[in-house]
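Novice: Got a structure for you, structure_5.cif, holding mmCIF, C-alpha atoms and all ligand atoms.
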```cif
data_model
#
loop_
_atom_site.group_PDB
_atom_site.id
_atom_site.type_symbol
_atom_site.label_atom_id
_atom_site.label_comp_id
_atom_site.auth_asym_id
_atom_site.auth_seq_id
_atom_site.Cartn_x
_atom_site.Cartn_y
_atom_site.Cartn_z
ATOM 1 C CA MET A 1 -11.235 -0.878 8.750
ATOM 2 C CA ALA A 2 -10.110 -4.116 10.333
ATOM 3 C CA SER A 3 -12.476 -3.397 13.174
ATOM 4 C CA ASP A 4 -13.158 -6.926 14.329
ATOM 5 C CA ALA A 5 -11.182 -10.029 15.171
ATOM 6 C CA LYS A 6 -11.913 -11.733 11.847
ATOM 7 C CA ASP A 7 -10.567 -8.762 9.896
ATOM 8 C CA GLU A 8 -7.500 -8.599 12.151
ATOM 9 C CA ALA A 9 -6.842 -12.266 11.394
ATOM 10 C CA ILE A 10 -7.123 -11.666 7.635
ATOM 11 C CA LEU A 11 -4.477 -8.921 7.902
ATOM 12 C CA ARG A 12 -2.066 -11.540 9.251
ATOM 13 C CA ARG A 13 -2.833 -14.263 6.717
ATOM 14 C CA LYS A 14 -1.134 -15.013 3.406
ATOM 15 C CA SER A 15 -3.700 -14.034 0.772
ATOM 16 C CA ASN A 16 -4.831 -16.366 -2.005
ATOM 17 C CA LYS A 17 -4.026 -15.917 -5.666
ATOM 18 C CA VAL A 18 -6.851 -14.584 -7.814
ATOM 19 C CA PRO A 19 -7.906 -17.560 -9.987
ATOM 20 C CA SER A 20 -9.672 -15.473 -12.638
ATOM 21 C CA ILE A 21 -10.634 -11.838 -13.119
ATOM 22 C CA ASP A 22 -14.411 -12.096 -12.950
ATOM 23 C CA ARG A 23 -17.146 -9.651 -11.965
ATOM 24 C CA GLY A 24 -16.525 -10.313 -8.289
ATOM 25 C CA ILE A 25 -12.902 -9.209 -8.649
ATOM 26 C CA LEU A 26 -13.903 -6.075 -10.571
ATOM 27 C CA ARG A 27 -16.381 -5.254 -7.788
ATOM 28 C CA LEU A 28 -13.629 -5.828 -5.216
ATOM 29 C CA ILE A 29 -11.370 -3.384 -7.089
ATOM 30 C CA ASP A 30 -14.151 -0.750 -7.088
ATOM 31 C CA ASP A 31 -14.661 -1.237 -3.348
ATOM 32 C CA MET A 32 -10.911 -0.920 -2.747
ATOM 33 C CA LEU A 33 -10.686 2.308 -4.759
ATOM 34 C CA ASP A 34 -13.702 3.745 -2.881
ATOM 35 C CA THR A 35 -11.970 2.982 0.409
ATOM 36 C CA LEU A 36 -8.632 4.341 -0.805
ATOM 37 C CA TYR A 37 -10.166 7.674 -1.793
ATOM 38 C CA GLU A 38 -12.330 7.907 1.348
ATOM 39 C CA GLN A 39 -9.227 7.418 3.471
ATOM 40 C CA ASN A 40 -6.957 9.660 1.375
ATOM 41 C CA GLY A 41 -4.491 6.831 1.000
ATOM 42 C CA VAL A 42 -1.818 6.107 -1.591
ATOM 43 C CA GLY A 43 -2.313 2.357 -1.696
ATOM 44 C CA LEU A 44 -4.549 -0.394 -0.386
ATOM 45 C CA ALA A 45 -4.423 -4.183 -0.346
ATOM 46 C CA ALA A 46 -7.520 -6.425 -0.392
ATOM 47 C CA PRO A 47 -6.887 -7.881 3.107
ATOM 48 C CA GLN A 48 -7.304 -4.341 4.469
ATOM 49 C CA ILE A 49 -10.992 -4.515 3.555
ATOM 50 C CA GLY A 50 -11.331 -8.065 4.825
ATOM 51 C CA VAL A 51 -10.735 -9.962 1.567
ATOM 52 C CA SER A 52 -7.900 -12.475 1.507
ATOM 53 C CA LEU A 53 -6.988 -12.140 -2.173
ATOM 54 C CA ARG A 54 -3.812 -10.923 -3.905
ATOM 55 C CA VAL A 55 -5.093 -7.584 -5.218
ATOM 56 C CA ILE A 56 -3.590 -4.153 -4.586
ATOM 57 C CA VAL A 57 -4.446 -0.662 -5.775
ATOM 58 C CA ILE A 58 -2.047 2.292 -5.792
ATOM 59 C CA HIS A 59 -2.926 5.843 -6.763
ATOM 60 C CA LEU A 60 -0.006 8.259 -6.678
ATOM 61 C CA PRO A 61 -1.005 11.873 -5.953
ATOM 62 C CA GLU A 62 0.511 13.192 -9.187
ATOM 63 C CA GLU A 63 -1.090 10.578 -11.455
ATOM 64 C CA GLU A 64 -4.478 10.625 -13.136
ATOM 65 C CA HIS A 65 -5.287 6.924 -12.912
ATOM 66 C CA PRO A 66 -4.779 4.262 -10.249
ATOM 67 C CA LYS A 67 -2.621 1.209 -10.782
ATOM 68 C CA ILE A 68 -4.418 -2.109 -10.265
ATOM 69 C CA LEU A 69 -2.173 -5.062 -9.486
ATOM 70 C CA ILE A 70 -3.541 -8.603 -9.421
ATOM 71 C CA ASN A 71 -1.301 -11.483 -8.288
ATOM 72 C CA PRO A 72 1.752 -9.171 -8.143
ATOM 73 C CA GLN A 73 5.262 -10.585 -7.925
ATOM 74 C CA ILE A 74 8.565 -8.857 -7.217
ATOM 75 C CA VAL A 75 11.043 -9.499 -10.029
ATOM 76 C CA LYS A 76 13.804 -7.177 -8.820
ATOM 77 C CA ALA A 77 14.662 -5.645 -5.444
ATOM 78 C CA GLU A 78 17.957 -3.813 -4.909
ATOM 79 C CA GLY A 79 19.500 -0.973 -2.972
ATOM 80 C CA GLU A 80 18.161 0.579 0.187
ATOM 81 C CA MET A 81 16.157 3.594 1.264
ATOM 82 C CA ASN A 82 14.805 4.821 4.563
ATOM 83 C CA GLY A 83 11.784 7.013 5.154
ATOM 84 C CA ASP A 84 8.476 7.619 6.871
ATOM 85 C CA GLU A 85 5.716 5.138 6.304
ATOM 86 C CA ALA A 86 2.160 4.817 7.565
ATOM 87 C CA CYS A 87 -0.682 2.346 7.145
ATOM 88 C CA LEU A 88 -4.439 2.864 6.865
ATOM 89 C CA SER A 89 -4.884 -0.267 9.007
ATOM 90 C CA VAL A 90 -2.705 1.217 11.780
ATOM 91 C CA PRO A 91 -4.186 4.722 11.974
ATOM 92 C CA GLY A 92 -2.452 7.547 13.786
ATOM 93 C CA TYR A 93 1.096 6.242 13.630
ATOM 94 C CA VAL A 94 4.150 6.615 11.449
ATOM 95 C CA GLY A 95 7.437 4.738 11.392
ATOM 96 C CA GLN A 96 10.838 4.959 9.748
ATOM 97 C CA ILE A 97 11.137 1.843 7.610
ATOM 98 C CA ASN A 98 13.982 0.569 5.453
ATOM 99 C CA ARG A 99 12.918 -0.588 2.009
ATOM 100 C CA PHE A 100 14.565 -1.573 -1.236
ATOM 101 C CA ASN A 101 15.218 1.469 -3.405
ATOM 102 C CA ASP A 102 14.959 -0.172 -6.821
ATOM 103 C CA ILE A 103 11.961 -2.360 -7.247
ATOM 104 C CA THR A 104 10.313 -4.027 -10.224
ATOM 105 C CA VAL A 105 6.970 -5.776 -9.864
ATOM 106 C CA LYS A 106 4.967 -7.669 -12.460
ATOM 107 C CA ALA A 107 1.214 -8.095 -12.120
ATOM 108 C CA LEU A 108 -1.972 -8.502 -14.090
ATOM 109 C CA ASN A 109 -4.145 -5.423 -14.447
ATOM 110 C CA GLU A 110 -7.941 -5.469 -14.288
ATOM 111 C CA LYS A 111 -8.066 -6.411 -17.987
ATOM 112 C CA GLY A 112 -5.835 -9.431 -17.413
ATOM 113 C CA GLN A 113 -2.833 -7.841 -19.144
ATOM 114 C CA LEU A 114 0.618 -8.533 -17.667
ATOM 115 C CA LYS A 115 2.251 -5.226 -16.669
ATOM 116 C CA ARG A 116 5.597 -4.275 -15.186
ATOM 117 C CA TYR A 117 6.032 -1.486 -12.655
ATOM 118 C CA LYS A 118 9.523 -0.154 -12.132
ATOM 119 C CA ALA A 119 10.365 2.308 -9.378
ATOM 120 C CA ASN A 120 13.666 3.800 -8.303
ATOM 121 C CA GLY A 121 13.040 5.151 -4.825
ATOM 122 C CA GLY A 122 10.155 7.409 -3.905
ATOM 123 C CA LEU A 123 6.547 6.806 -3.099
ATOM 124 C CA LEU A 124 5.853 4.118 -5.715
ATOM 125 C CA ALA A 125 8.771 1.924 -4.609
ATOM 126 C CA ARG A 126 7.643 2.229 -1.000
ATOM 127 C CA ALA A 127 3.946 1.684 -1.743
ATOM 128 C CA LEU A 128 4.607 -1.425 -3.852
ATOM 129 C CA GLN A 129 6.614 -3.045 -1.060
ATOM 130 C CA HIS A 130 4.145 -1.994 1.645
ATOM 131 C CA GLU A 131 1.157 -3.404 -0.259
ATOM 132 C CA LEU A 132 2.923 -6.599 -1.299
ATOM 133 C CA ASP A 133 3.720 -7.170 2.387
ATOM 134 C CA HIS A 134 0.009 -6.911 3.182
ATOM 135 C CA LEU A 135 -0.621 -9.850 0.833
ATOM 136 C CA ASP A 136 1.769 -11.942 2.909
ATOM 137 C CA GLY A 137 0.300 -10.918 6.264
ATOM 138 C CA ILE A 138 3.179 -8.541 7.064
ATOM 139 C CA LEU A 139 2.487 -5.128 8.630
ATOM 140 C CA TYR A 140 5.013 -2.336 8.195
ATOM 141 C CA TYR A 141 5.946 -2.138 11.857
ATOM 142 C CA ASP A 142 7.165 -5.743 11.625
ATOM 143 C CA ARG A 143 10.026 -4.194 9.634
ATOM 144 C CA LEU A 144 11.011 -1.523 12.160
ATOM 145 C CA PRO A 145 14.709 -1.712 12.924
ATOM 146 C CA GLU A 146 15.456 -3.310 16.296
ATOM 147 C CA GLY A 147 14.908 -0.849 19.151
ATOM 148 C CA GLU A 148 12.814 1.499 16.990
ATOM 149 C CA TYR A 149 9.142 2.200 17.621
ATOM 150 C CA LEU A 150 6.210 3.746 15.805
ATOM 151 C CA GLN A 151 5.667 7.456 16.448
ATOM 152 C CA GLU A 152 2.294 9.101 16.867
ATOM 153 C CA ALA A 153 1.501 10.908 13.650
ATOM 154 C CA ARG A 154 0.861 14.619 14.083
ATOM 155 C CA ARG A 155 -2.493 15.557 12.692
ATOM 156 C CA VAL A 156 -2.369 17.768 9.635
ATOM 157 C CA GLU A 157 -5.086 20.045 11.113
ATOM 158 C CA ASP A 158 -2.885 20.679 14.137
ATOM 159 C CA ASP A 159 0.053 21.697 12.015
ATOM 160 C CA HIS A 160 -1.670 24.158 9.717
ATOM 161 C CA VAL A 161 0.236 22.485 6.939
ATOM 162 C CA ASP A 162 -0.970 22.997 3.401
ATOM 163 C CA ASP A 163 -1.680 19.438 2.325
ATOM 164 C CA HIS A 164 -1.401 20.420 -1.321
ATOM 165 C CA ASP A 165 1.995 22.071 -0.973
ATOM 166 C CA PRO A 166 4.047 20.425 -3.748
ATOM 167 C CA GLU A 167 7.207 20.934 -1.666
ATOM 168 C CA ARG A 168 5.790 18.726 1.048
ATOM 169 C CA GLU A 169 6.938 15.138 0.723
ATOM 170 C CA PRO A 170 3.818 12.955 0.985
ATOM 171 C CA ILE A 171 3.961 10.174 3.517
ATOM 172 C CA GLU A 172 3.114 6.798 2.130
ATOM 173 C CA ASN A 173 -0.213 6.037 3.772
ATOM 174 C CA ALA A 174 -1.260 2.629 2.689
HETATM 175 NI NI NI B 201 -0.870 -0.658 4.976
#
```
The structure in this file should be written as structure tokens.

Specialist:
Amino acid sequence: MASDAKDEAILRRKSNKVPSIDRGILRLIDDMLDTLYEQNGVGLAAPQIGVSLRVIVIHLPEEEHPKILINPQIVKAEGEMNGDEACLSVPGYVGQINRFNDITVKALNEKGQLKRYKANGGLLARALQHELDHLDGILYYDRLPEGEYLQEARRVEDDHVDDHDPEREPIENA
């Protein structure tokens, strides 16, 4: 993903609002979900597949269905948390990023219904903020504390870690 200069530029641009949920948008959502599952990610924003529109998809490991957020807006952001974060557009790295702990986002779903998503810490709170940043051209390492750097992510195969171990805290990879 984001393999050429045009795609890189889209990652740094503020995305446009979706004017109406038509067949093109539904196709975009399908493409985003395909990419998300291919890459084993938790969340994906449209600019990550080269489309400058305000659409994000999030599929938490423990949930059956993905969340589709069109034209999302933060309505509440409070508290603070710190934890590992990674991005499908910045493969092979991980960083410790401060985020709001309590986050509420409103967005349209793929049927045009207005939905609210409330998260108190954890993967959903982190994924929502990470993906919303993508829509504003912000990459997670922009938010590294001063003097901190990304770390090279250790490959799961090298660690002999059971990826399905429920005790293992998943890293937000979005
Ligand atoms: Ni990302």

Novice: Could you produce a table of the residues of chain A lying within 7 Å of ligand NI 201 (chain B), with the nearest pair of atoms per residue and their separation in Å rounded to one decimal, using only C-alpha atoms and all ligand atoms, ordered by chain and increasing residue number, as CSV?

Specialist:
```
residue,atom,partner,partner_atom,distance
A:Leu44,CA,B:NI201,NI,6.5
A:Ala86,CA,B:NI201,NI,6.8
A:Cys87,CA,B:NI201,NI,3.7
A:Leu88,CA,B:NI201,NI,5.4
A:Ser89,CA,B:NI201,NI,5.7
A:His130,CA,B:NI201,NI,6.2
A:Glu131,CA,B:NI201,NI,6.2
A:His134,CA,B:NI201,NI,6.6
A:Leu139,CA,B:NI201,NI,6.7
A:Tyr140,CA,B:NI201,NI,6.9
A:Asn173,CA,B:NI201,NI,6.8
A:Ala174,CA,B:NI201,NI,4.0
```

Novice: Those same residues, written as a compact mmCIF listing (two decimals), keeping the file's coordinate frame with C-alpha atoms?

Specialist:
```
# COMPACT_ATOMS: atom_id res chain seq x y z
CA LEU A 44 -4.55 -0.39 -0.39
CA ALA A 86 2.16 4.82 7.56
CA CYS A 87 -0.68 2.35 7.14
CA LEU A 88 -4.44 2.86 6.86
CA SER A 89 -4.88 -0.27 9.01
CA HIS A 130 4.14 -1.99 1.64
CA GLU A 131 1.16 -3.40 -0.26
CA HIS A 134 0.01 -6.91 3.18
CA LEU A 139 2.49 -5.13 8.63
CA TYR A 140 5.01 -2.34 8.20
CA ASN A 173 -0.21 6.04 3.77
CA ALA A 174 -1.26 2.63 2.69
```

Novice: Convert the output of the PyMOL selection byres (((chain A and resi 84) around 7) and not hetatm) on the shown file into explicit residues, formatted as JSON, numbers by chain.

Specialist: {"A": [83, 85, 86, 94, 95, 96, 97, 171]}

Novice: With C-alpha atoms retained, could you export that selection as a tab-separated table (two decimals), keeping the file's coordinate frame?

Specialist:
```
chain	number	residue	atom	x	y	z
A	83	GLY	CA	11.78	7.01	5.15
A	85	GLU	CA	5.72	5.14	6.30
A	86	ALA	CA	2.16	4.82	7.56
A	94	VAL	CA	4.15	6.62	11.45
A	95	GLY	CA	7.44	4.74	11.39
A	96	GLN	CA	10.84	4.96	9.75
A	97	ILE	CA	11.14	1.84	7.61
A	171	ILE	CA	3.96	10.17	3.52
```

Novice: Using all atoms listed in the file, which of A:Arg99, A:Arg27, A:His59, A:Arg116 sits nearest Val75 (chain A)?

Specialist: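 Residue with the minimum atom-to-atom distance to Val75 (chain A): A:Arg116.
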
Novice: So the first atom is CA of Lys17 (chain A) and the second is CA of Asn98 (chain A); what is the distance between them in Å, to one decimal place?

Specialist: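 CA of Asn98 (chain A) lies at a distance of 26.8 Å from CA of Lys17 (chain A).
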
Novice: Check the smallest atom-to-atom distance from each of A:Ile138, A:Ile70, A:Leu132, A:Leu11 to Ser52 (chain A) using all atoms listed in the file, then report the winner.

Specialist: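 When distances to Ser52 (chain A) are compared using all atoms listed in the file, the smallest one comes from A:Leu11.
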
Novice: Add whatever atoms are absent from region 101-112 of chain A to reach N, CA, C and O atoms, and provide the output as a PDB file, keeping the file's coordinate frame.

Specialist:
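This is the output file out_14.pdb:
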```
ATOM      1  N   ASN A 101      15.361   0.233  -2.621  1.00  0.00           N
ATOM      2  CA  ASN A 101      15.218   1.469  -3.405  1.00  0.00           C
ATOM      3  C   ASN A 101      14.714   1.185  -4.822  1.00  0.00           C
ATOM      4  O   ASN A 101      13.848   1.890  -5.336  1.00  0.00           O
ATOM      5  N   ASP A 102      15.298   0.152  -5.428  1.00  0.00           N
ATOM      6  CA  ASP A 102      14.959  -0.172  -6.821  1.00  0.00           C
ATOM      7  C   ASP A 102      14.089  -1.424  -6.827  1.00  0.00           C
ATOM      8  O   ASP A 102      14.530  -2.486  -6.403  1.00  0.00           O
ATOM      9  N   ILE A 103      12.904  -1.248  -7.341  1.00  0.00           N
ATOM     10  CA  ILE A 103      11.961  -2.360  -7.247  1.00  0.00           C
ATOM     11  C   ILE A 103      11.221  -2.512  -8.578  1.00  0.00           C
ATOM     12  O   ILE A 103      10.813  -1.532  -9.192  1.00  0.00           O
ATOM     13  N   THR A 104      11.123  -3.749  -9.044  1.00  0.00           N
ATOM     14  CA  THR A 104      10.313  -4.027 -10.224  1.00  0.00           C
ATOM     15  C   THR A 104       9.302  -5.111  -9.853  1.00  0.00           C
ATOM     16  O   THR A 104       9.666  -6.128  -9.256  1.00  0.00           O
ATOM     17  N   VAL A 105       8.052  -4.847 -10.191  1.00  0.00           N
ATOM     18  CA  VAL A 105       6.970  -5.776  -9.864  1.00  0.00           C
ATOM     19  C   VAL A 105       6.210  -6.088 -11.148  1.00  0.00           C
ATOM     20  O   VAL A 105       5.987  -5.194 -11.977  1.00  0.00           O
ATOM     21  N   LYS A 106       5.861  -7.339 -11.346  1.00  0.00           N
ATOM     22  CA  LYS A 106       4.967  -7.669 -12.460  1.00  0.00           C
ATOM     23  C   LYS A 106       3.631  -8.119 -11.889  1.00  0.00           C
ATOM     24  O   LYS A 106       3.574  -8.736 -10.815  1.00  0.00           O
ATOM     25  N   ALA A 107       2.565  -7.779 -12.602  1.00  0.00           N
ATOM     26  CA  ALA A 107       1.214  -8.095 -12.120  1.00  0.00           C
ATOM     27  C   ALA A 107       0.247  -8.022 -13.288  1.00  0.00           C
ATOM     28  O   ALA A 107       0.518  -7.370 -14.302  1.00  0.00           O
ATOM     29  N   LEU A 108      -0.881  -8.676 -13.131  1.00  0.00           N
ATOM     30  CA  LEU A 108      -1.972  -8.502 -14.090  1.00  0.00           C
ATOM     31  C   LEU A 108      -2.736  -7.232 -13.730  1.00  0.00           C
ATOM     32  O   LEU A 108      -2.887  -6.909 -12.547  1.00  0.00           O
ATOM     33  N   ASN A 109      -3.221  -6.525 -14.736  1.00  0.00           N
ATOM     34  CA  ASN A 109      -4.145  -5.423 -14.447  1.00  0.00           C
ATOM     35  C   ASN A 109      -5.575  -5.950 -14.510  1.00  0.00           C
ATOM     36  O   ASN A 109      -5.807  -7.158 -14.677  1.00  0.00           O
ATOM     37  N   GLU A 110      -6.540  -5.041 -14.381  1.00  0.00           N
ATOM     38  CA  GLU A 110      -7.941  -5.469 -14.288  1.00  0.00           C
ATOM     39  C   GLU A 110      -8.456  -6.042 -15.600  1.00  0.00           C
ATOM     40  O   GLU A 110      -9.503  -6.681 -15.645  1.00  0.00           O
ATOM     41  N   LYS A 111      -7.688  -5.823 -16.696  1.00  0.00           N
ATOM     42  CA  LYS A 111      -8.066  -6.411 -17.987  1.00  0.00           C
ATOM     43  C   LYS A 111      -7.343  -7.729 -18.240  1.00  0.00           C
ATOM     44  O   LYS A 111      -7.432  -8.295 -19.341  1.00  0.00           O
ATOM     45  N   GLY A 112      -6.557  -8.170 -17.265  1.00  0.00           N
ATOM     46  CA  GLY A 112      -5.835  -9.431 -17.413  1.00  0.00           C
ATOM     47  C   GLY A 112      -4.538  -9.303 -18.188  1.00  0.00           C
ATOM     48  O   GLY A 112      -3.941 -10.317 -18.572  1.00  0.00           O
TER      49      GLY A 112
END
```
